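Before any comments, here is the structure.
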2 protein chains.
Amino acid sequence: MPELGFVVHPIGCVRSSLTNRAEAPRQGSEGAPDAWIEVNREFAEGLDGIDVGDQLIVITWFHLASRDVLEVHPRGDVRNPLTGVFATRSPDRPNPLGLHRVTVRELAANRIKVGPLEAIDGTPVIDLKPVLLQTADS
Amino acid sequence: MPELGFVVHPIGCVRSSLTNRAEAPRQGSEGAPDAWIEVNREFAEGLDGIDVGDQLIVITWFHLASRDVLEVHPRGDVRNPLTGVFATRSPDRPNPLGLHRVTVRELAANRIKVGPLEAIDGTPVIDLKPVLLQTADS
């Protein structure tokens, strides 16, 4: 069982009109705006091949999350019974990674406009991956 | 632009009959076997609410990947033009996270049998998330 840790280095960050968790929708499909992803110049070459209209999975690091939470009331509603975080999309979890399926709206050098994206301004971006069409998901 | 890093601590690891990258399919849908995920006991409470038949996204850390690669020939075929890693599912990338959509086959205390899973034996597991049905993906 691995006990060590691995260091993730953000490849960029989210630039969004959403500035705090309270105003952010819980999922992109729940009314989130488009947002820019600013990719650090050292990683910009990794964007080659991404086109407007592509569907991507954006992986973020929820930098405001609590990492010692193992159970939550889903959707923050105490009427929902306590549930293990691995059965929910809670941002509070041991490794607070967020998965966001978005469409590419616009490309500009080392920036990509995508949407809808519920992550708030300043959220670190860890990775981008294409959606695999053969399975229509993830 | 964040320059710092974040430390991910594996929540468990993959126990699979696949033991090296050469024999592993490139995607789970390409003939991968079922495999066990052993979750460290300190995180087992986070599994509450996961049921047999659920669809999960398993997030792994490709511990054998090269992290300084920004362009690859997709599917390792030199006939495919060099493409930015963020437009591919290459395991070689700055933060070598893997996304795997699987179905839960069996539950046993702190272990979950899932499949199909193309990650090899010993691959660290970073997170588990439910597939969101309202978008049928990610």
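Residues in the structure tokens are named by chain (A, B, ... in the order shown) and by number from 1 within that chain; ligands are numbered from 1 in the order shown.
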Using only C-alpha atoms, find which residues of chain B lie within 6 Å of chain A and jot them down as a ChimeraX atom specification. /B:5-9,46-50,70-71,83-87,95,128-130,137-138
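The residues of region 4-138 of chain B that DSSP classifies as helix (DSSP H, G or I), using the backbone of this structure, are B:Arg21, B:Ala22, B:Glu23, B:Gly28, B:Ser29, B:Glu30, B:Arg41, B:Glu42, B:Phe43, B:Ala44, B:Glu45, B:Gly46, B:Leu47, B:Pro74, B:Arg75, B:Gly76, B:Val85, B:Phe86, B:Ala87, B:Leu133, B:Gln134, B:Thr135.
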For Leu117 (chain B), work out the shell of residues within 6 Å, counting only C-alpha atoms and skipping chain neighbours fewer than 5 positions away, then give it as a VMD selection string. chain B and resid 28 32 to 34
Take the residues from that selection and write them out as a JSON list (two decimals), in the first residue's frame, keeping N, CA and C atoms.
[["chain", "number", "residue", "atom", "x", "y", "z"],
["B", 28, "GLY", "N", -9.87, 1.05, -20.97],
["B", 28, "GLY", "CA", -10.58, -0.06, -20.34],
["B", 28, "GLY", "C", -11.49, -0.80, -21.30],
["B", 32, "ALA", "N", -9.77, -4.66, -21.22],
["B", 32, "ALA", "CA", -9.16, -4.70, -19.89],
["B", 32, "ALA", "C", -9.94, -5.63, -18.97],
["B", 33, "PRO", "N", -9.25, -6.20, -17.99],
["B", 33, "PRO", "CA", -9.92, -7.09, -17.03],
["B", 33, "PRO", "C", -10.58, -6.31, -15.89],
["B", 34, "ASP", "N", -11.31, -7.03, -15.05],
["B", 34, "ASP", "CA", -11.73, -6.47, -13.77],
["B", 34, "ASP", "C", -10.52, -6.45, -12.83]]
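Each of A:Val102, A:Ala119, A:Ala108, A:Leu18 was checked against Thr60 (chain A) using only C-alpha atoms; the smallest atom-to-atom distance is that of A:Ala119.
Between CA of Leu107 (chain A) and CA of Glu23 (chain A) there is a distance of 26.5 Å.
Backbone DSSP assigns strand (DSSP E or B) in region 11-92 of chain B to B:Gly12, B:Cys13, B:Val14, B:Arg15, B:Ala35, B:Trp36, B:Ile37, B:Glu38, B:Val39, B:Gln55, B:Leu56, B:Ile57, B:Val58, B:Ile59, B:Thr60, B:Trp61, B:Glu71, B:Val72, B:Thr83, B:Gly84.
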Those residues with C-alpha atoms, as an mmCIF file, in the first residue's frame please?
data_model
loop_
_atom_site.group_PDB
_atom_site.id
_atom_site.type_symbol
_atom_site.label_atom_id
_atom_site.label_comp_id
_atom_site.auth_asym_id
_atom_site.auth_seq_id
_atom_site.Cartn_x
_atom_site.Cartn_y
_atom_site.Cartn_z
ATOM 1 C CA GLY B 12 -5.296 2.989 -2.106
ATOM 2 C CA CYS B 13 -3.996 1.014 -5.036
ATOM 3 C CA VAL B 14 -4.956 -1.284 -7.895
ATOM 4 C CA ARG B 15 -4.621 -5.059 -7.563
ATOM 5 C CA ALA B 35 -9.461 -5.514 -10.882
ATOM 6 C CA TRP B 36 -9.620 -4.863 -7.153
ATOM 7 C CA ILE B 37 -9.068 -1.466 -5.632
ATOM 8 C CA GLU B 38 -7.664 -1.780 -2.129
ATOM 9 C CA VAL B 39 -8.532 1.325 -0.178
ATOM 10 C CA GLN B 55 -20.588 3.559 -12.332
ATOM 11 C CA LEU B 56 -17.518 5.263 -10.933
ATOM 12 C CA ILE B 57 -14.665 7.369 -12.216
ATOM 13 C CA VAL B 58 -11.435 6.011 -10.758
ATOM 14 C CA ILE B 59 -8.610 8.567 -10.711
ATOM 15 C CA THR B 60 -5.186 6.963 -10.696
ATOM 16 C CA TRP B 61 -1.607 8.229 -10.624
ATOM 17 C CA GLU B 71 3.729 16.180 -27.167
ATOM 18 C CA VAL B 72 3.177 12.566 -28.222
ATOM 19 C CA THR B 83 -0.061 16.208 -30.626
ATOM 20 C CA GLY B 84 -0.138 18.112 -27.336
#
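Using only C-alpha atoms for every distance, the candidate list A:Pro25, A:Thr19, A:Asp77, A:Arg41 yields A:Arg41 as the residue closest to Asn110 (chain A).
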